[in-house]
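Novice: One structure, pasted below without further comment.
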Amino acid sequence: MEHAVKTKAQKILAAYERFAQGIAAIPDPKAQELYRVAAGVPRFVEHTKSKQPQVTSSQIASGLEQGLKEMPALVGAVEAQWRWAVAKAWHDAISSEYPGFLQIEAERLQKILARGKIRTEGEFHLVRYQIDVLEAQPELAAELQVLYALAETYEAPT
């Protein structure tokens, strides 16, 4: 039996759906906002497809992917006690449904590390998200220290 190849938009949509399932029971108010947004993405896409002039699948995928890039900032707003669980649910959803995105983000992070400096708020949120993911892995303390230093330097008043 052959599996149909998913489009980029379908992969991203599946990631949002899986993420919503993964955080549905987390009681944090910000996590519940993220749940409502993620769970509402399929309905939003269907509504968008029905509009005139018609939006293309690549335009939808582009918009949904922008949402993926902004997710670390939104995860960062979750209370500290729940943040790791939300970050893990996000990572699990992306890695299972749209792993190519993780590769792109890993390359962005490597550029930041090689440069030794965070330049934009988006880069800061990517680093902050990586910190949230690594804090649960004590064996990665050295990597974590580098990320902490980058974030502190970025946040320091000039």
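Scheme for the structure tokens: letters A, B, ... for chains in order shown; per-chain residue numbers from 1; ligand numbers from 1 in order shown.
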May I have all residues of chain A that DSSP, computed from the backbone, assigns to helix (DSSP H, G or I), given as a PyMOL selection string?

Specialist: chain A and resi 8-23+29-49+57-75+80-97+99-115+121-134+138-155

Novice: With only C-alpha atoms as the counted atoms, please give the residues lying no more than 8 Å from segment 85-98 of chain A, apart from itself and same-chain residues fewer than 2 positions off, as a list in words.

Specialist: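 Residues near the query, excluding close chain neighbours: Lys8, Lys11, Ile12, Ala14, Ala15, Tyr16, Arg18, Phe19, Gly22, Ile23, Ala31, Pro72, Val75, Val78, Trp82, Arg83, Gly100, Phe101, Leu102, Tyr129, Asp132 and Val133 of chain A.
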
Novice: Hey, what's within 8 Å of Leu144 of chain A if we count only C-alpha atoms and toss same-chain stuff fewer than 5 positions away? As a list in words, please?

Specialist: Ile131, Leu134 and Glu135 of chain A

Novice: Counting only C-alpha atoms, which residue out of A:Arg43, A:His125, A:Arg108, A:Arg119 sits closest to Met71 of chain A?

Specialist: A:His125

Novice: Between A:Asp28, A:Tyr154, A:Gln130, A:Gly40, which has the minimum distance to Ala80 of chain A (counting only C-alpha atoms)?

Specialist: A:Asp28

Novice: By how many Å are atom CA of Arg36 of chain A and atom CA of Gln66 of chain A apart?

Specialist: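 A separation of 17.7 Å between them.
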
Novice: Nearest to Ala38 of chain A: which of A:Ala141, A:Ala24, A:Val55, A:Leu126 is it, counting only C-alpha atoms?

Specialist: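 Among the listed residues, the smallest separation from Ala38 of chain A belongs to A:Ala24.
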
Novice: At a cut-off of 12 Å, using only C-alpha atoms, what residues contact Gly63 of chain A? Leave out same-chain residues fewer than 2 positions from it and give the result as a PyMOL selection string.

Specialist: chain A and resi 8-9+12-13+41+44-45+48+55-61+65-70

Novice: Atom CA of Ala151 of chain A and atom CA of Glu123 of chain A, how far apart in Å?

Specialist: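 According to the coordinates, atom CA of Glu123 of chain A and atom CA of Ala151 of chain A are separated by 9.6 Å.
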
Novice: Could you state the separation of atom CA of Gln137 of chain A and atom CA of Ile26 of chain A in Å, given to one decimal place?

Specialist: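 For atom CA of Gln137 of chain A relative to atom CA of Ile26 of chain A, the distance reads 21.2 Å.
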